[in-house]
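Structure file data_18.cif (mmCIF, C-alpha atoms) is printed below.
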data_upload
#
loop_
_atom_site.label_atom_id
_atom_site.label_comp_id
_atom_site.auth_asym_id
_atom_site.auth_seq_id
_atom_site.Cartn_x
_atom_site.Cartn_y
_atom_site.Cartn_z
CA MET A 1 -17.06 -12.94 4.32
CA THR A 2 -17.26 -15.89 6.67
CA SER A 3 -14.41 -16.35 9.09
CA ILE A 4 -11.59 -18.61 7.91
CA ARG A 5 -9.77 -20.43 10.71
CA ARG A 6 -6.31 -19.75 9.27
CA PRO A 7 -6.63 -17.83 6.02
CA THR A 8 -4.10 -17.66 3.24
CA ILE A 9 -3.93 -14.04 2.10
CA GLY A 10 -2.45 -13.09 -1.25
CA VAL A 11 -0.80 -9.66 -1.51
CA PHE A 12 -0.01 -8.17 -4.91
CA ASP A 13 2.17 -5.18 -5.79
CA SER A 14 4.17 -4.00 -8.78
CA GLY A 15 7.34 -4.21 -6.68
CA VAL A 16 8.54 -4.19 -3.07
CA GLY A 17 6.55 -1.20 -1.80
CA GLY A 18 3.57 -3.39 -1.02
CA LEU A 19 5.66 -5.10 1.65
CA THR A 20 4.67 -2.19 3.92
CA VAL A 21 1.09 -3.44 3.52
CA LEU A 22 2.23 -6.99 4.27
CA ARG A 23 4.06 -5.66 7.33
CA ALA A 24 0.83 -4.03 8.56
CA LEU A 25 -1.10 -7.25 7.86
CA LEU A 26 1.43 -9.29 9.86
CA ASP A 27 1.07 -6.87 12.77
CA ARG A 28 -2.72 -6.94 12.72
CA ILE A 29 -3.43 -10.51 11.56
CA PRO A 30 -0.49 -12.68 12.65
CA ASN A 31 -2.55 -15.90 12.55
CA ALA A 32 -2.61 -16.13 8.77
CA ASP A 33 -0.37 -17.35 5.98
CA TYR A 34 0.73 -14.92 3.28
CA LEU A 35 1.66 -15.12 -0.39
CA TYR A 36 3.29 -11.98 -1.80
CA PHE A 37 3.66 -11.33 -5.52
CA GLY A 38 5.95 -8.51 -6.65
CA ASP A 39 5.92 -7.84 -10.40
CA THR A 40 9.42 -6.41 -10.21
CA ALA A 41 10.33 -7.13 -13.84
CA ARG A 42 7.56 -4.90 -15.19
CA LEU A 43 7.57 -1.95 -12.82
CA PRO A 44 6.90 0.93 -12.73
CA TYR A 45 3.22 0.57 -13.45
CA GLY A 46 2.71 4.32 -13.37
CA SER A 47 4.02 4.81 -16.90
CA LYS A 48 1.75 2.13 -18.39
CA SER A 49 -1.81 2.29 -19.69
CA ALA A 50 -4.75 1.22 -17.55
CA ALA A 51 -5.35 -1.73 -19.92
CA THR A 52 -1.74 -2.93 -19.53
CA VAL A 53 -1.85 -2.54 -15.74
CA ALA A 54 -5.10 -4.52 -15.63
CA HIS A 55 -3.59 -7.27 -17.81
CA TYR A 56 -0.50 -7.57 -15.60
CA ALA A 57 -2.45 -7.41 -12.35
CA VAL A 58 -5.07 -9.99 -13.35
CA GLY A 59 -2.29 -12.40 -14.36
CA ALA A 60 -0.55 -11.94 -11.01
CA VAL A 61 -3.67 -12.35 -8.88
CA ASN A 62 -4.63 -15.46 -10.83
CA TYR A 63 -1.19 -16.85 -9.98
CA LEU A 64 -1.81 -16.10 -6.30
CA GLN A 65 -5.23 -17.77 -6.42
CA ASP A 66 -3.74 -20.82 -8.12
CA HIS A 67 -1.29 -21.04 -5.20
CA GLY A 68 -4.01 -20.98 -2.56
CA ALA A 69 -4.90 -17.35 -1.84
CA GLU A 70 -8.34 -17.17 -0.21
CA LEU A 71 -8.47 -13.38 -0.15
CA LEU A 72 -6.53 -10.89 -2.27
CA VAL A 73 -5.02 -7.57 -1.20
CA ILE A 74 -4.05 -5.20 -4.00
CA ALA A 75 -1.25 -3.37 -2.22
CA CYS A 76 -0.31 -1.37 -5.32
CA ASN A 77 -1.90 2.10 -5.34
CA THR A 78 -1.52 2.37 -9.12
CA ALA A 79 -3.16 -1.01 -9.78
CA THR A 80 -5.94 -0.21 -7.32
CA ALA A 81 -6.48 3.19 -8.92
CA LEU A 82 -6.36 2.06 -12.56
CA ALA A 83 -7.57 -1.53 -12.61
CA PHE A 84 -9.45 -2.47 -9.43
CA ASP A 85 -12.75 -3.24 -11.18
CA GLU A 86 -11.03 -5.47 -13.74
CA ILE A 87 -9.14 -7.28 -10.97
CA LYS A 88 -12.37 -7.92 -9.06
CA VAL A 89 -14.11 -9.26 -12.16
CA GLY A 90 -11.15 -11.54 -12.87
CA SER A 91 -10.89 -12.91 -9.31
CA ARG A 92 -12.56 -15.94 -7.77
CA VAL A 93 -12.13 -14.63 -4.20
CA GLU A 94 -12.77 -11.38 -2.35
CA VAL A 95 -10.46 -8.47 -3.21
CA VAL A 96 -9.41 -5.53 -1.02
CA GLY A 97 -7.56 -2.52 -2.44
CA VAL A 98 -5.69 0.25 -0.64
CA VAL A 99 -7.72 3.28 -1.76
CA GLU A 100 -11.12 2.72 -0.11
CA PRO A 101 -9.68 1.78 3.32
CA GLY A 102 -7.38 4.82 3.20
CA ALA A 103 -10.30 7.09 2.29
CA ASP A 104 -12.40 5.61 5.10
CA ALA A 105 -9.66 6.21 7.67
CA ALA A 106 -9.09 9.78 6.44
CA ALA A 107 -12.80 10.59 6.56
CA HIS A 108 -13.02 9.33 10.14
CA ALA A 109 -9.88 11.23 11.19
CA SER A 110 -10.83 14.61 9.69
CA THR A 111 -12.82 17.08 11.77
CA ASN A 112 -12.93 19.92 9.23
CA ARG A 113 -13.47 17.67 6.17
CA ARG A 114 -10.31 18.85 4.38
CA VAL A 115 -7.67 16.29 3.42
CA ILE A 116 -4.34 16.25 1.57
CA VAL A 117 -3.35 13.13 -0.40
CA ILE A 118 0.26 12.59 -1.48
CA GLY A 119 1.26 9.87 -3.94
CA THR A 120 3.03 9.11 -7.18
CA GLU A 121 2.14 11.00 -10.34
CA ALA A 122 0.16 8.03 -11.67
CA THR A 123 -1.92 7.63 -8.51
CA VAL A 124 -2.61 11.36 -8.30
CA ALA A 125 -3.46 11.57 -12.01
CA SER A 126 -6.01 8.76 -11.57
CA HIS A 127 -7.87 10.85 -8.93
CA ALA A 128 -8.90 7.58 -7.24
CA TYR A 129 -8.41 9.00 -3.75
CA ARG A 130 -10.15 12.23 -4.72
CA ARG A 131 -13.23 10.36 -5.92
CA ALA A 132 -13.30 8.11 -2.86
CA LEU A 133 -12.94 11.04 -0.45
CA GLU A 134 -15.37 13.34 -2.24
CA ALA A 135 -17.93 10.53 -2.08
CA ARG A 136 -17.52 10.78 1.71
CA GLY A 137 -18.06 14.55 1.73
CA ILE A 138 -14.37 15.49 2.00
CA THR A 139 -12.62 18.36 0.21
CA VAL A 140 -9.37 17.03 -1.24
CA ARG A 141 -6.09 18.41 -2.51
CA GLU A 142 -3.80 15.91 -4.24
CA LYS A 143 -0.05 16.37 -4.47
CA ALA A 144 2.29 14.23 -6.57
CA CYS A 145 5.66 13.65 -4.87
CA PRO A 146 7.68 11.78 -7.51
CA LEU A 147 11.08 12.13 -5.85
CA LEU A 148 10.10 10.32 -2.65
CA VAL A 149 9.99 6.77 -4.07
CA PRO A 150 13.59 6.76 -5.41
CA LEU A 151 14.81 8.35 -2.16
CA VAL A 152 13.14 5.59 -0.12
CA GLU A 153 14.55 2.91 -2.42
CA GLU A 154 18.00 4.44 -1.95
CA GLY A 155 17.52 3.92 1.80
CA TRP A 156 17.51 7.66 2.50
CA THR A 157 14.50 7.61 4.83
CA GLU A 158 16.19 9.92 7.35
CA HIS A 159 18.52 11.79 5.00
CA PRO A 160 18.58 15.62 5.11
CA VAL A 161 17.97 15.69 1.35
CA THR A 162 14.79 13.64 1.77
CA GLU A 163 13.62 15.90 4.59
CA GLN A 164 14.18 18.99 2.48
CA VAL A 165 12.35 17.46 -0.50
CA ALA A 166 9.42 16.43 1.73
CA ARG A 167 9.33 19.89 3.30
CA ILE A 168 9.02 21.50 -0.15
CA TYR A 169 6.30 19.08 -1.27
CA LEU A 170 4.23 19.53 1.90
CA SER A 171 4.62 23.32 1.92
CA GLU A 172 3.13 23.30 -1.58
CA ALA A 173 0.41 20.82 -0.61
CA PHE A 174 -0.70 22.81 2.45
CA ALA A 175 -0.49 26.20 0.73
CA GLU A 176 -3.29 28.76 0.37
CA ASP A 177 -6.81 27.33 0.74
CA ALA A 178 -5.50 23.93 1.92
CA ARG A 179 -3.62 25.42 4.88
CA ASP A 180 -6.23 24.18 7.36
CA ALA A 181 -6.45 20.58 6.02
CA ASP A 182 -6.18 18.32 9.06
CA VAL A 183 -5.35 14.91 7.53
CA LEU A 184 -2.46 13.78 5.34
CA VAL A 185 -3.06 10.51 3.47
CA LEU A 186 0.03 8.52 2.47
CA GLY A 187 -1.18 7.32 -0.94
CA CYS A 188 1.92 5.30 -1.81
CA THR A 189 3.20 2.09 -0.24
CA HIS A 190 6.74 3.50 -0.02
CA TYR A 191 5.69 6.40 2.19
CA PRO A 192 5.15 4.51 5.48
CA LEU A 193 8.95 4.25 5.70
CA LEU A 194 8.97 8.07 5.75
CA LYS A 195 6.34 8.41 8.49
CA PRO A 196 8.71 9.66 11.23
CA LEU A 197 10.20 12.21 8.83
CA LEU A 198 6.78 13.31 7.51
CA ARG A 199 5.52 13.68 11.08
CA ARG A 200 8.31 16.21 11.72
CA VAL A 201 7.67 18.07 8.46
CA ALA A 202 3.85 18.13 8.43
CA PRO A 203 1.95 20.84 10.36
CA ASP A 204 1.42 19.90 14.02
CA HIS A 205 -2.38 19.82 13.72
CA VAL A 206 -2.32 17.21 10.94
CA THR A 207 -3.17 13.51 11.44
CA ILE A 208 -1.22 11.16 9.18
CA VAL A 209 -3.24 8.29 7.70
CA ASP A 210 -1.20 5.32 6.50
CA SER A 211 -3.28 3.44 3.92
CA ALA A 212 -1.22 0.30 4.60
CA GLU A 213 -2.49 0.19 8.19
CA SER A 214 -6.02 1.07 7.08
CA THR A 215 -5.96 -1.77 4.57
CA ALA A 216 -4.87 -4.27 7.23
CA HIS A 217 -7.85 -3.24 9.37
CA ALA A 218 -10.17 -3.63 6.38
CA VAL A 219 -8.84 -7.12 5.66
CA ALA A 220 -9.40 -8.12 9.30
CA GLY A 221 -12.98 -6.92 8.92
CA HIS A 222 -13.52 -8.96 5.77
CA LEU A 223 -12.20 -12.06 7.52
CA ALA A 224 -14.30 -11.43 10.63
CA ILE A 225 -11.08 -11.42 12.66
CA ASP A 226 -10.45 -9.00 15.50
CA PRO A 227 -7.20 -7.27 14.50
CA ILE A 228 -4.37 -6.94 16.98
CA HIS A 229 -4.17 -3.30 18.07
CA GLY A 230 -0.49 -2.44 18.06
CA PRO A 231 2.41 -4.46 16.68
CA ALA A 232 2.20 -8.22 17.04
CA GLU A 233 4.73 -9.87 19.29
CA PRO A 234 7.65 -11.26 17.23
CA GLU A 235 6.88 -14.82 18.26
CA ARG A 236 3.26 -14.44 17.10
CA ARG A 237 4.33 -12.84 13.83
CA SER A 238 6.70 -15.72 13.19
CA ASP A 239 3.73 -18.10 13.22
CA SER A 240 2.80 -16.82 9.78
CA ARG A 241 4.15 -18.67 6.79
CA LEU A 242 5.46 -16.20 4.22
CA ARG A 243 6.10 -17.07 0.58
CA PHE A 244 7.28 -14.54 -1.96
CA PHE A 245 7.10 -14.52 -5.75
CA ALA A 246 9.01 -12.02 -7.91
CA THR A 247 9.22 -11.63 -11.68
CA ASP A 248 12.78 -10.25 -11.50
CA SER A 249 15.87 -11.27 -9.49
CA ALA A 250 15.01 -13.14 -6.29
CA GLU A 251 18.27 -11.97 -4.68
CA LYS A 252 17.52 -8.34 -5.43
CA PHE A 253 14.02 -8.77 -4.03
CA LYS A 254 15.42 -10.26 -0.81
CA LYS A 255 17.86 -7.38 -0.34
CA MET A 256 15.40 -4.57 -1.02
CA GLY A 257 12.45 -6.35 0.57
CA ALA A 258 14.03 -6.68 3.99
CA ARG A 259 14.11 -2.88 4.27
CA PHE A 260 10.38 -2.61 3.57
CA LEU A 261 9.25 -5.62 5.60
CA GLY A 262 11.45 -4.87 8.60
CA HIS A 263 12.96 -8.36 8.83
CA PRO A 264 14.72 -10.79 6.49
CA VAL A 265 12.86 -11.91 3.38
CA GLU A 266 13.29 -15.61 2.64
CA ASP A 267 11.60 -18.17 0.38
CA VAL A 268 11.54 -16.02 -2.78
CA VAL A 269 10.58 -17.82 -5.99
CA HIS A 270 11.34 -16.32 -9.41
CA VAL A 271 8.22 -16.36 -11.60
CA ASP A 272 8.10 -15.85 -15.35
CA LEU A 273 4.52 -14.92 -16.23
CA LYS A 274 3.82 -15.44 -19.91
CA GLU A 275 2.47 -12.42 -21.73
#
Can you present the structure in this file as structure tokens?
Amino acid sequence: MTSIRRPTIGVFDSGVGGLTVLRALLDRIPNADYLYFGDTARLPYGSKSAATVAHYAVGAVNYLQDHGAELLVIACNTATALAFDEIKVGSRVEVVGVVEPGADAAAHASTNRRVIVIGTEATVASHAYRRALEARGITVREKACPLLVPLVEEGWTEHPVTEQVARIYLSEAFAEDARDADVLVLGCTHYPLLKPLLRRVAPDHVTIVDSAESTAHAVAGHLAIDPIHGPAEPERRSDSRLRFFATDSAEKFKKMGARFLGHPVEDVVHVDLKE
């Protein structure tokens, strides 16, 4: 893609979890404007059919394009896993999902070609990460961790209960023939908030790959922009114009979103997408 002087990047997710991807984008590409669409009225996507997810996602990304998005980031793991091809076909601009960048980063980080992927039940059941990693010559074990999302949304990112739950999940994931896996992929946009906790719980030899950060690097590559390595200075980050769209309560989005984005969420517009 040719370089855009100051791009407008549209970020889509089924809820607020994709704000961790937006946070990574702001750190790596502060000289851009961002539109974020959270389909909060219709989440979770994981319990819906691939056709329904595709229908919802295409409607949302069309809304973002109509509001000026010049590149689209599908921050939702479920939408990327179940409907990425349909989203690309239905888009007028370039589209980046979270799965391929995460798989790329994991493949580069692994020395013994054995990787663990944790995610929601829907993402794991789609085997999107498995396919992407196996195409890169990686042996994969997937582990669904359904309790982690509600714990993160409760704000319990450092709670002893969350640590115990994560310890159980990872002990199961790294059991038996996967004991020597050397990369852990965070295949859910909620999980970056658990990174310090997961670092304590995961085996010492394991590298943690955050697909939100990997996606931000991929977007910088698509835009022919050199990403900032390390967090952007607050004054540079504030240069970005941020606009948010949510299909449920704007006030609820602001409250929950601030936790995921790491600073206050303003300028939230309630959107009612027609079926």
Would you mind listing what lies within 12 Å of Gln164 in chain A as a short mmCIF file (atom, residue, chain, number, x, y, z; two decimals) with C-alpha atoms, keeping the file's coordinate frame, with all atoms listed in the file counted and same-chain residues fewer than 3 positions away left out?
data_model
loop_
_atom_site.label_atom_id
_atom_site.label_comp_id
_atom_site.auth_asym_id
_atom_site.auth_seq_id
_atom_site.Cartn_x
_atom_site.Cartn_y
_atom_site.Cartn_z
CA LEU A 147 11.08 12.13 -5.85
CA LEU A 148 10.10 10.32 -2.65
CA LEU A 151 14.81 8.35 -2.16
CA TRP A 156 17.51 7.66 2.50
CA THR A 157 14.50 7.61 4.83
CA GLU A 158 16.19 9.92 7.35
CA HIS A 159 18.52 11.79 5.00
CA PRO A 160 18.58 15.62 5.11
CA VAL A 161 17.97 15.69 1.35
CA ARG A 167 9.33 19.89 3.30
CA ILE A 168 9.02 21.50 -0.15
CA TYR A 169 6.30 19.08 -1.27
CA LEU A 170 4.23 19.53 1.90
CA SER A 171 4.62 23.32 1.92
CA LEU A 197 10.20 12.21 8.83
CA LEU A 198 6.78 13.31 7.51
CA ARG A 200 8.31 16.21 11.72
CA VAL A 201 7.67 18.07 8.46
CA ALA A 202 3.85 18.13 8.43
#
Can you work out which one of A:Ser14, A:Thr8, A:Ser49, A:Ser91 has the shortest atom-to-atom distance to Ala69 in chain A, counting all atoms listed in the file? A:Thr8
On this structure, the PyMOL selection byres ((chain A and resi 116-131) around 9) would catch which residues? List them as a PyMOL selection string, sorted by chain and number. chain A and resi 45-47+77-82+99-100+102-103+114-115+132-136+138-149+169-170+173-174+178+181-189+191
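Evaluated against this file, the PyMOL selection byres ((chain A and resi 252-256) around 10) yields Gly15, Val16, Gly17, Gly38, Thr40, Glu153, Glu154, Gly155, Phe244, Phe245, Ala246, Thr247, Asp248, Ser249, Ala250, Glu251, Gly257, Ala258, Arg259, Phe260, Leu261, Pro264, Val265, Glu266, Asp267, Val268, Val269 and His270 of chain A.
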Test item: residues at most 10 Å from Leu25 in chain A, all atoms listed in the file, excluding those fewer than 3 positions along its chain, as a PDB file with C-alpha atoms, in the coordinates of the input:
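Here's the written file out-v6.pdb:
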ATOM      1  CA  ILE A   9      -3.930 -14.040   2.100  1.00  0.00           C
ATOM      2  CA  VAL A  11      -0.800  -9.660  -1.510  1.00  0.00           C
ATOM      3  CA  LEU A  19       5.660  -5.100   1.650  1.00  0.00           C
ATOM      4  CA  THR A  20       4.670  -2.190   3.920  1.00  0.00           C
ATOM      5  CA  VAL A  21       1.090  -3.440   3.520  1.00  0.00           C
ATOM      6  CA  LEU A  22       2.230  -6.990   4.270  1.00  0.00           C
ATOM      7  CA  ARG A  28      -2.720  -6.940  12.720  1.00  0.00           C
ATOM      8  CA  ILE A  29      -3.430 -10.510  11.560  1.00  0.00           C
ATOM      9  CA  PRO A  30      -0.490 -12.680  12.650  1.00  0.00           C
ATOM     10  CA  ASN A  31      -2.550 -15.900  12.550  1.00  0.00           C
ATOM     11  CA  ALA A  32      -2.610 -16.130   8.770  1.00  0.00           C
ATOM     12  CA  TYR A  34       0.730 -14.920   3.280  1.00  0.00           C
ATOM     13  CA  VAL A  73      -5.020  -7.570  -1.200  1.00  0.00           C
ATOM     14  CA  ALA A 212      -1.220   0.300   4.600  1.00  0.00           C
ATOM     15  CA  GLU A 213      -2.490   0.190   8.190  1.00  0.00           C
ATOM     16  CA  SER A 214      -6.020   1.070   7.080  1.00  0.00           C
ATOM     17  CA  THR A 215      -5.960  -1.770   4.570  1.00  0.00           C
ATOM     18  CA  ALA A 216      -4.870  -4.270   7.230  1.00  0.00           C
ATOM     19  CA  HIS A 217      -7.850  -3.240   9.370  1.00  0.00           C
ATOM     20  CA  ALA A 218     -10.170  -3.630   6.380  1.00  0.00           C
ATOM     21  CA  VAL A 219      -8.840  -7.120   5.660  1.00  0.00           C
ATOM     22  CA  ALA A 220      -9.400  -8.120   9.300  1.00  0.00           C
ATOM     23  CA  PRO A 227      -7.200  -7.270  14.500  1.00  0.00           C
ATOM     24  CA  ILE A 228      -4.370  -6.940  16.980  1.00  0.00           C
ATOM     25  CA  PRO A 231       2.410  -4.460  16.680  1.00  0.00           C
ATOM     26  CA  ALA A 232       2.200  -8.220  17.040  1.00  0.00           C
ATOM     27  CA  ARG A 237       4.330 -12.840  13.830  1.00  0.00           C
TER      28      ARG A 237
END
One decimal place gives the CA of Val152 in chain A-CA of Ala24 in chain A separation as 17.9 Å
